[in-house]
>>> print(open('work-v3.pdb').read())   # PDB, C-alpha atoms
ATOM      1  CA  ARG A   1      13.448  60.320   1.228
ATOM      2  CA  TYR A   2      13.322  56.691   2.385
ATOM      3  CA  LEU A   3      12.076  57.677   5.845
ATOM      4  CA  ARG A   4       9.267  59.790   4.370
ATOM      5  CA  GLY A   5       8.195  56.933   2.106
ATOM      6  CA  ALA A   6       8.525  54.360   4.884
ATOM      7  CA  ALA A   7       6.403  56.467   7.222
ATOM      8  CA  VAL A   8       3.491  56.293   4.764
ATOM      9  CA  LEU A   9       3.802  52.503   4.354
ATOM     10  CA  SER A  10       4.591  51.640   7.986
ATOM     11  CA  VAL A  11       2.102  49.913  10.243
ATOM     12  CA  VAL A  12       2.435  49.209  13.963
ATOM     13  CA  LEU A  13      -0.170  46.592  14.813
ATOM     14  CA  GLY A  14       0.348  46.094  18.532
ATOM     15  CA  PRO A  15      -1.337  49.106  20.150
ATOM     16  CA  VAL A  16      -4.822  48.591  18.634
ATOM     17  CA  GLU A  17      -7.226  48.470  21.590
ATOM     18  CA  GLU A  18      -9.263  45.506  20.423
ATOM     19  CA  ASP A  19     -11.723  45.686  23.309
ATOM     20  CA  ARG A  20     -12.731  49.165  22.158
ATOM     21  CA  LEU A  21     -13.325  48.173  18.535
ATOM     22  CA  GLY A  22     -16.749  47.522  17.084
ATOM     23  CA  PRO A  23     -17.573  43.873  16.330
ATOM     24  CA  ARG A  24     -16.551  43.917  12.653
ATOM     25  CA  ASP A  25     -13.128  45.483  13.309
ATOM     26  CA  ARG A  26     -12.637  43.353  16.411
ATOM     27  CA  PHE A  27     -13.275  40.262  14.266
ATOM     28  CA  CYS A  28     -10.664  41.406  11.723
ATOM     29  CA  ALA A  29      -8.123  42.144  14.461
ATOM     30  CA  LEU A  30      -8.614  38.823  16.237
ATOM     31  CA  ALA A  31      -8.585  36.850  12.976
ATOM     32  CA  SER A  32      -5.284  38.306  11.780
ATOM     33  CA  LEU A  33      -1.759  37.050  12.210
ATOM     34  CA  ARG A  34       0.108  40.227  13.152
ATOM     35  CA  TYR A  35       3.655  39.103  13.916
ATOM     36  CA  GLU A  36       3.242  40.346  17.456
ATOM     37  CA  ALA A  37       4.054  38.620  20.772
ATOM     38  CA  ASP A  38       0.426  37.694  21.470
ATOM     39  CA  ASP A  39      -0.209  35.883  18.178
ATOM     40  CA  ALA A  40      -1.693  32.525  19.162
ATOM     41  CA  PRO A  41      -4.550  30.120  18.373
ATOM     42  CA  PRO A  42      -6.849  31.483  21.134
ATOM     43  CA  ARG A  43      -7.105  34.798  19.216
ATOM     44  CA  TRP A  44      -8.248  33.008  16.063
ATOM     45  CA  ARG A  45     -10.695  30.835  17.992
ATOM     46  CA  ALA A  46     -12.148  34.008  19.539
ATOM     47  CA  ALA A  47     -12.530  35.471  16.039
ATOM     48  CA  ALA A  48     -14.258  32.310  14.783
ATOM     49  CA  ASP A  49     -16.554  32.351  17.827
ATOM     50  CA  LEU A  50     -17.413  36.017  17.211
ATOM     51  CA  LEU A  51     -18.206  35.259  13.570
ATOM     52  CA  ALA A  52     -20.357  32.259  14.562
ATOM     53  CA  ALA A  53     -22.292  34.444  17.004
ATOM     54  CA  ARG A  54     -22.573  37.355  14.545
ATOM     55  CA  PRO A  55     -22.480  35.963  10.979
ATOM     56  CA  GLU A  56     -23.793  39.279   9.647
ATOM     57  CA  LEU A  57     -20.338  40.799  10.275
ATOM     58  CA  VAL A  58     -19.325  39.782   6.750
ATOM     59  CA  ARG A  59     -22.010  42.106   5.388
ATOM     60  CA  ASP A  60     -20.778  45.050   7.482
ATOM     61  CA  HIS A  61     -17.626  45.700   5.473
ATOM     62  CA  ILE A  62     -15.380  44.148   2.862
ATOM     63  CA  TRP A  63     -12.473  43.670   5.271
ATOM     64  CA  ALA A  64     -14.537  41.403   7.550
ATOM     65  CA  ALA A  65     -15.765  39.505   4.477
ATOM     66  CA  ALA A  66     -12.156  39.030   3.397
ATOM     67  CA  ALA A  67     -10.962  37.940   6.861
ATOM     68  CA  ALA A  68     -13.807  35.392   6.868
ATOM     69  CA  ALA A  69     -12.937  34.372   3.273
ATOM     70  CA  ASP A  70     -16.620  34.603   2.337
ATOM     71  CA  PRO A  71     -16.967  34.698  -1.488
ATOM     72  CA  ASP A  72     -20.641  35.728  -1.509
ATOM     73  CA  ALA A  73     -20.058  38.616   0.888
ATOM     74  CA  LEU A  74     -17.032  39.740  -1.143
ATOM     75  CA  ARG A  75     -19.080  39.784  -4.347
ATOM     76  CA  TYR A  76     -21.687  41.878  -2.512
ATOM     77  CA  HIS A  77     -19.108  44.418  -1.317
ATOM     78  CA  LEU A  78     -17.237  44.629  -4.612
ATOM     79  CA  ARG A  79     -20.315  46.253  -6.148
ATOM     80  CA  THR A  80     -19.501  49.396  -4.131
ATOM     81  CA  THR A  81     -15.974  48.982  -2.733
ATOM     82  CA  GLN A  82     -12.694  48.749  -4.628
ATOM     83  CA  PRO A  83     -10.636  45.574  -4.027
ATOM     84  CA  THR A  84      -7.661  47.763  -3.127
ATOM     85  CA  ALA A  85      -9.536  49.898  -0.575
ATOM     86  CA  ARG A  86      -7.771  50.258   2.773
ATOM     87  CA  GLY A  87      -9.706  49.838   5.988
ATOM     88  CA  GLY A  88     -10.476  47.719   8.998
ATOM     89  CA  PRO A  89      -8.433  48.008  12.185
ATOM     90  CA  TYR A  90      -5.036  47.909  10.423
ATOM     91  CA  GLY A  91      -5.761  49.935   7.289
ATOM     92  CA  TRP A  92      -5.078  46.913   5.061
ATOM     93  CA  SER A  93      -6.588  45.914   1.734
ATOM     94  CA  PRO A  94      -9.105  43.051   1.688
ATOM     95  CA  LEU A  95      -6.531  40.638   0.215
ATOM     96  CA  MET A  96      -4.192  41.355   3.121
ATOM     97  CA  TYR A  97      -6.914  40.478   5.649
ATOM     98  CA  LEU A  98      -7.632  37.277   3.741
ATOM     99  CA  ALA A  99      -3.958  36.258   3.656
ATOM    100  CA  TYR A 100      -3.274  37.051   7.314
ATOM    101  CA  SER A 101      -6.528  35.573   8.642
ATOM    102  CA  ARG A 102      -6.372  32.253  10.444
ATOM    103  CA  VAL A 103     -10.152  31.789  10.520
ATOM    104  CA  PRO A 104     -11.454  28.965   8.287
ATOM    105  CA  GLY A 105     -13.201  29.971   5.076
ATOM    106  CA  ASP A 106     -13.234  29.480   1.311
ATOM    107  CA  SER A 107      -9.899  31.257   0.971
ATOM    108  CA  VAL A 108      -8.898  30.256  -2.545
ATOM    109  CA  SER A 109     -12.263  31.186  -4.076
ATOM    110  CA  ALA A 110     -12.313  34.435  -2.103
ATOM    111  CA  ALA A 111      -8.769  35.306  -3.231
ATOM    112  CA  LEU A 112      -9.664  34.638  -6.870
ATOM    113  CA  ILE A 113     -12.685  36.931  -6.578
ATOM    114  CA  LEU A 114     -10.524  39.734  -5.172
ATOM    115  CA  LEU A 115      -7.744  39.207  -7.718
ATOM    116  CA  ASP A 116     -10.202  39.098 -10.629
ATOM    117  CA  ALA A 117     -11.615  42.404  -9.374
ATOM    118  CA  GLY A 118      -8.157  44.019  -9.367
ATOM    119  CA  ALA A 119      -6.589  43.283  -5.953
ATOM    120  CA  ASP A 120      -2.800  43.577  -5.895
ATOM    121  CA  PRO A 121      -1.142  40.169  -5.296
ATOM    122  CA  ASP A 122       2.023  41.998  -4.234
ATOM    123  CA  ASP A 123       0.337  44.275  -1.666
ATOM    124  CA  GLY A 124       2.038  44.788   1.664
ATOM    125  CA  TYR A 125       3.156  47.137   4.387
ATOM    126  CA  LEU A 126       6.317  47.920   6.317
ATOM    127  CA  TRP A 127       6.069  46.272   9.729
ATOM    128  CA  ARG A 128       7.244  48.943  12.159
ATOM    129  CA  GLY A 129       9.102  50.599   9.281
ATOM    130  CA  MET A 130      11.397  47.641   8.530
ATOM    131  CA  ALA A 131      12.915  47.700   5.052
ATOM    132  CA  THR A 132      11.473  44.333   3.978
ATOM    133  CA  PRO A 133       7.738  44.536   3.291
ATOM    134  CA  PHE A 134       5.290  42.158   4.906
ATOM    135  CA  THR A 135       3.342  41.181   1.807
ATOM    136  CA  VAL A 136       0.315  39.090   1.006
ATOM    137  CA  LEU A 137       2.683  36.112   0.598
ATOM    138  CA  THR A 138       4.218  36.807   4.014
ATOM    139  CA  GLY A 139       0.766  36.431   5.547
ATOM    140  CA  VAL A 140       0.063  33.229   3.649
ATOM    141  CA  PHE A 141       3.326  31.568   4.699
ATOM    142  CA  GLY A 142       3.373  32.775   8.315
ATOM    143  CA  GLU A 143       6.109  31.247  10.463
ATOM    144  CA  GLY A 144       7.763  34.238  12.094
ATOM    145  CA  GLU A 145       9.968  34.218  15.193
ATOM    146  CA  GLN A 146       7.121  32.922  17.384
ATOM    147  CA  GLY A 147       7.227  29.554  15.587
ATOM    148  CA  THR A 148       4.716  27.475  13.678
ATOM    149  CA  ARG A 149       2.265  27.008  16.564
ATOM    150  CA  ARG A 150       1.848  30.725  17.283
ATOM    151  CA  GLN A 151       2.419  32.010  13.740
ATOM    152  CA  PRO A 152       1.305  29.139  11.517
ATOM    153  CA  ARG A 153       0.971  29.067   7.784
ATOM    154  CA  HIS A 154      -2.437  29.858   6.362
ATOM    155  CA  PRO A 155      -4.566  26.671   6.292
ATOM    156  CA  HIS A 156      -4.568  26.881   2.465
ATOM    157  CA  ALA A 157      -1.003  28.204   2.123
ATOM    158  CA  GLU A 158       0.115  26.137  -0.846
ATOM    159  CA  GLU A 159      -3.010  26.786  -2.920
ATOM    160  CA  LEU A 160      -3.095  30.498  -2.061
ATOM    161  CA  ALA A 161       0.615  30.968  -2.755
ATOM    162  CA  THR A 162       0.226  29.264  -6.122
ATOM    163  CA  VAL A 163      -2.655  31.552  -7.081
ATOM    164  CA  LEU A 164      -0.815  34.662  -5.880
ATOM    165  CA  LEU A 165       2.367  33.763  -7.747
ATOM    166  CA  GLN A 166       0.404  32.989 -10.909
ATOM    167  CA  ARG A 167      -1.262  36.402 -10.588
ATOM    168  CA  GLY A 168       1.973  38.365 -10.197
ATOM    169  CA  ALA A 169       3.220  38.207  -6.608
ATOM    170  CA  HIS A 170       6.997  38.597  -6.609
ATOM    171  CA  PRO A 171       8.591  35.166  -6.080
ATOM    172  CA  ALA A 172      11.645  36.556  -4.252
ATOM    173  CA  ASP A 173       9.611  37.967  -1.356
ATOM    174  CA  GLN A 174      12.351  38.690   1.189
ATOM    175  CA  GLN A 175      10.287  38.631   4.378
ATOM    176  CA  THR A 176       8.529  35.435   3.353
ATOM    177  CA  LEU A 177      11.866  33.777   2.580
ATOM    178  CA  TYR A 178      13.292  34.970   5.902
ATOM    179  CA  ASN A 179      10.350  33.551   7.838
TER
END
>>> encode(input="work-v3.pdb", output="structure tokens")
Amino acid sequence: RYLRGAAVLSVVLGPVEEDRLGPRDRFCALASLRYEADDAPPRWRAAADLLAARPELVRDHIWAAAAAADPDALRYHLRTTQPTARGGPYGWSPLMYLAYSRVPGDSVSAALILLDAGADPDDGYLWRGMATPFTVLTGVFGEGEQGTRRQPRHPHAEELATVLLQRGAHPADQQTLYN
């Protein structure tokens, strides 16, 4: 029973062929901390450069708006898209893209907009089927095996964590505590 449930919740992020993705999904992929061997600042700079060259990406879908932490674009998308909708290159919710993104934006305001609309502060996935979920808090706190330079905390980690905990994220998040 566990294996069936884990299969539904498992995500393997490495094999996404980013060069074959459209601009909006490529932005989301490059912006996101993935706990993979190639996590590093050049990926996030490339995402920021792509967004600077194509600012309309945030209007293309809610997951790009969340990865960019753009409150106005999120409000626009929430008129037609649920805050828990799964999509983008990893099949995550918007709040997951916001938490795992390392691209500068108005993250706290964007998170509040998503949470007020019904986003789950305890959302997560099973990284390669591991038993401990990688949650929204895991993304905010970063710091996996690659170290703080390659897997840094979110630029607004303390403020985001406070908001998420106040809104119901479980404080004993095992993967976050491990990292």
>>> closest_residue(input="work-v3.pdb", among="A:Ser32, A:Thr176, A:Gln166, A:Gln151", to="Tyr90 (chain A)", atoms="all atoms listed in the file")
A:Ser32
>>> closest_residue(input="work-v3.pdb", among="A:Glu145, A:Asp120, A:Asp72, A:Glu56", to="Glu36 (chain A)", atoms="only C-alpha atoms")
A:Glu145
>>> resolve_selection(input="work-v3.pdb", expression="the PyMOL selection byres ((chain A and resi 46) around 12)", output="list of chain:residue names")
A:Glu18, A:Pro23, A:Arg26, A:Phe27, A:Cys28, A:Ala29, A:Leu30, A:Ala31, A:Ser32, A:Ala40, A:Pro41, A:Pro42, A:Arg43, A:Trp44, A:Arg45, A:Ala47, A:Ala48, A:Asp49, A:Leu50, A:Leu51, A:Ala52, A:Ala53, A:Arg102, A:Val103
>>> closest_residue(input="work-v3.pdb", among="A:Arg153, A:His61, A:His170, A:Arg54", to="Pro121 (chain A)", atoms="only C-alpha atoms")
A:His170
>>> residues_around(input="work-v3.pdb", residues="Tyr97 (chain A)", least_positions_apart="5", cutoff="7 Å", atoms="all atoms listed in the file", output="number ranges by chain")
A: 32, 63, 66-67, 92
>>> atom_distance(input="work-v3.pdb", atom1="CA of Thr81 (chain A)", atom2="CA of Gly105 (chain A)")
20.7 Å
>>> resolve_selection(input="work-v3.pdb", expression="the PyMOL selection byres ((chain A and resi 37) around 12)", output="PyMOL selection string")
chain A and resi 13-15+33-36+38-40+43+144-147+150-151
>>> build_atoms(input="work-v3.pdb", residues="region 32-43 of chain A", atoms="all heavy atoms", output="mmCIF file, keeping the file's coordinate frame")
data_model
loop_
_atom_site.group_PDB
_atom_site.id
_atom_site.type_symbol
_atom_site.label_atom_id
_atom_site.label_comp_id
_atom_site.auth_asym_id
_atom_site.auth_seq_id
_atom_site.Cartn_x
_atom_site.Cartn_y
_atom_site.Cartn_z
ATOM 1 N N SER A 32 -6.517 38.054 12.522
ATOM 2 C CA SER A 32 -5.284 38.306 11.780
ATOM 3 C C SER A 32 -4.011 37.930 12.518
ATOM 4 O O SER A 32 -3.810 38.303 13.674
ATOM 5 C CB SER A 32 -5.197 39.792 11.418
ATOM 6 O OG SER A 32 -6.272 40.158 10.592
ATOM 7 N N LEU A 33 -3.148 37.231 11.791
ATOM 8 C CA LEU A 33 -1.759 37.050 12.210
ATOM 9 C C LEU A 33 -1.104 38.418 12.094
ATOM 10 O O LEU A 33 -1.232 39.079 11.060
ATOM 11 C CB LEU A 33 -1.083 36.046 11.279
ATOM 12 C CG LEU A 33 0.412 35.819 11.451
ATOM 13 C CD1 LEU A 33 0.708 35.202 12.810
ATOM 14 C CD2 LEU A 33 0.921 34.910 10.341
ATOM 15 N N ARG A 34 -0.427 38.861 13.160
ATOM 16 C CA ARG A 34 0.108 40.227 13.152
ATOM 17 C C ARG A 34 1.608 40.293 13.378
ATOM 18 O O ARG A 34 2.173 41.361 13.438
ATOM 19 C CB ARG A 34 -0.597 41.065 14.228
ATOM 20 C CG ARG A 34 -2.087 41.110 14.045
ATOM 21 C CD ARG A 34 -2.818 41.561 15.292
ATOM 22 N NE ARG A 34 -2.405 40.756 16.423
ATOM 23 C CZ ARG A 34 -2.016 41.267 17.596
ATOM 24 N NH1 ARG A 34 -2.055 42.548 17.813
ATOM 25 N NH2 ARG A 34 -1.626 40.481 18.567
ATOM 26 N N TYR A 35 2.230 39.150 13.591
ATOM 27 C CA TYR A 35 3.655 39.103 13.916
ATOM 28 C C TYR A 35 3.943 39.920 15.169
ATOM 29 O O TYR A 35 4.890 40.683 15.251
ATOM 30 C CB TYR A 35 4.510 39.541 12.724
ATOM 31 C CG TYR A 35 4.439 38.532 11.609
ATOM 32 C CD1 TYR A 35 3.587 38.720 10.528
ATOM 33 C CD2 TYR A 35 5.171 37.360 11.672
ATOM 34 C CE1 TYR A 35 3.485 37.775 9.525
ATOM 35 C CE2 TYR A 35 5.075 36.408 10.668
ATOM 36 C CZ TYR A 35 4.233 36.620 9.605
ATOM 37 O OH TYR A 35 4.128 35.665 8.617
ATOM 38 N N GLU A 36 3.086 39.725 16.153
ATOM 39 C CA GLU A 36 3.242 40.346 17.456
ATOM 40 C C GLU A 36 3.363 39.248 18.513
ATOM 41 O O GLU A 36 3.029 38.079 18.259
ATOM 42 C CB GLU A 36 2.046 41.253 17.782
ATOM 43 C CG GLU A 36 1.919 42.466 16.870
ATOM 44 C CD GLU A 36 3.013 43.499 17.074
ATOM 45 O OE1 GLU A 36 3.646 43.537 18.143
ATOM 46 O OE2 GLU A 36 3.239 44.287 16.134
ATOM 47 N N ALA A 37 3.794 39.595 19.709
ATOM 48 C CA ALA A 37 4.054 38.620 20.772
ATOM 49 C C ALA A 37 2.823 37.831 21.189
ATOM 50 O O ALA A 37 2.941 36.689 21.629
ATOM 51 C CB ALA A 37 4.658 39.327 21.987
ATOM 52 N N ASP A 38 1.624 38.407 21.028
ATOM 53 C CA ASP A 38 0.426 37.694 21.470
ATOM 54 C C ASP A 38 -0.286 36.928 20.357
ATOM 55 O O ASP A 38 -1.402 36.447 20.553
ATOM 56 C CB ASP A 38 -0.539 38.645 22.184
ATOM 57 C CG ASP A 38 -1.046 39.766 21.299
ATOM 58 O OD1 ASP A 38 -0.496 39.967 20.197
ATOM 59 O OD2 ASP A 38 -1.991 40.453 21.708
ATOM 60 N N ASP A 39 0.360 36.766 19.197
ATOM 61 C CA ASP A 39 -0.209 35.883 18.178
ATOM 62 C C ASP A 39 -0.333 34.491 18.775
ATOM 63 O O ASP A 39 0.617 33.978 19.364
ATOM 64 C CB ASP A 39 0.710 35.795 16.951
ATOM 65 C CG ASP A 39 0.558 36.961 15.995
ATOM 66 O OD1 ASP A 39 -0.491 37.613 16.014
ATOM 67 O OD2 ASP A 39 1.496 37.195 15.215
ATOM 68 N N ALA A 40 -1.491 33.879 18.633
ATOM 69 C CA ALA A 40 -1.693 32.525 19.162
ATOM 70 C C ALA A 40 -3.080 32.023 18.770
ATOM 71 O O ALA A 40 -3.990 32.822 18.521
ATOM 72 C CB ALA A 40 -1.532 32.501 20.681
ATOM 73 N N PRO A 41 -3.258 30.703 18.742
ATOM 74 C CA PRO A 41 -4.550 30.120 18.373
ATOM 75 C C PRO A 41 -5.754 30.635 19.161
ATOM 76 O O PRO A 41 -6.831 30.759 18.558
ATOM 77 C CB PRO A 41 -4.327 28.615 18.595
ATOM 78 C CG PRO A 41 -2.871 28.422 18.352
ATOM 79 C CD PRO A 41 -2.229 29.669 18.919
ATOM 80 N N PRO A 42 -5.645 30.976 20.450
ATOM 81 C CA PRO A 42 -6.849 31.483 21.134
ATOM 82 C C PRO A 42 -7.424 32.750 20.495
ATOM 83 O O PRO A 42 -8.646 32.945 20.497
ATOM 84 C CB PRO A 42 -6.368 31.748 22.565
ATOM 85 C CG PRO A 42 -5.239 30.790 22.759
ATOM 86 C CD PRO A 42 -4.557 30.735 21.407
ATOM 87 N N ARG A 43 -6.609 33.594 19.907
ATOM 88 C CA ARG A 43 -7.105 34.798 19.216
ATOM 89 C C ARG A 43 -7.987 34.395 18.038
ATOM 90 O O ARG A 43 -9.051 34.954 17.822
ATOM 91 C CB ARG A 43 -5.950 35.655 18.699
ATOM 92 C CG ARG A 43 -5.112 36.297 19.763
ATOM 93 C CD ARG A 43 -3.963 37.106 19.150
ATOM 94 N NE ARG A 43 -4.434 38.093 18.194
ATOM 95 C CZ ARG A 43 -5.008 39.261 18.527
ATOM 96 N NH1 ARG A 43 -5.175 39.580 19.785
ATOM 97 N NH2 ARG A 43 -5.416 40.088 17.596
#
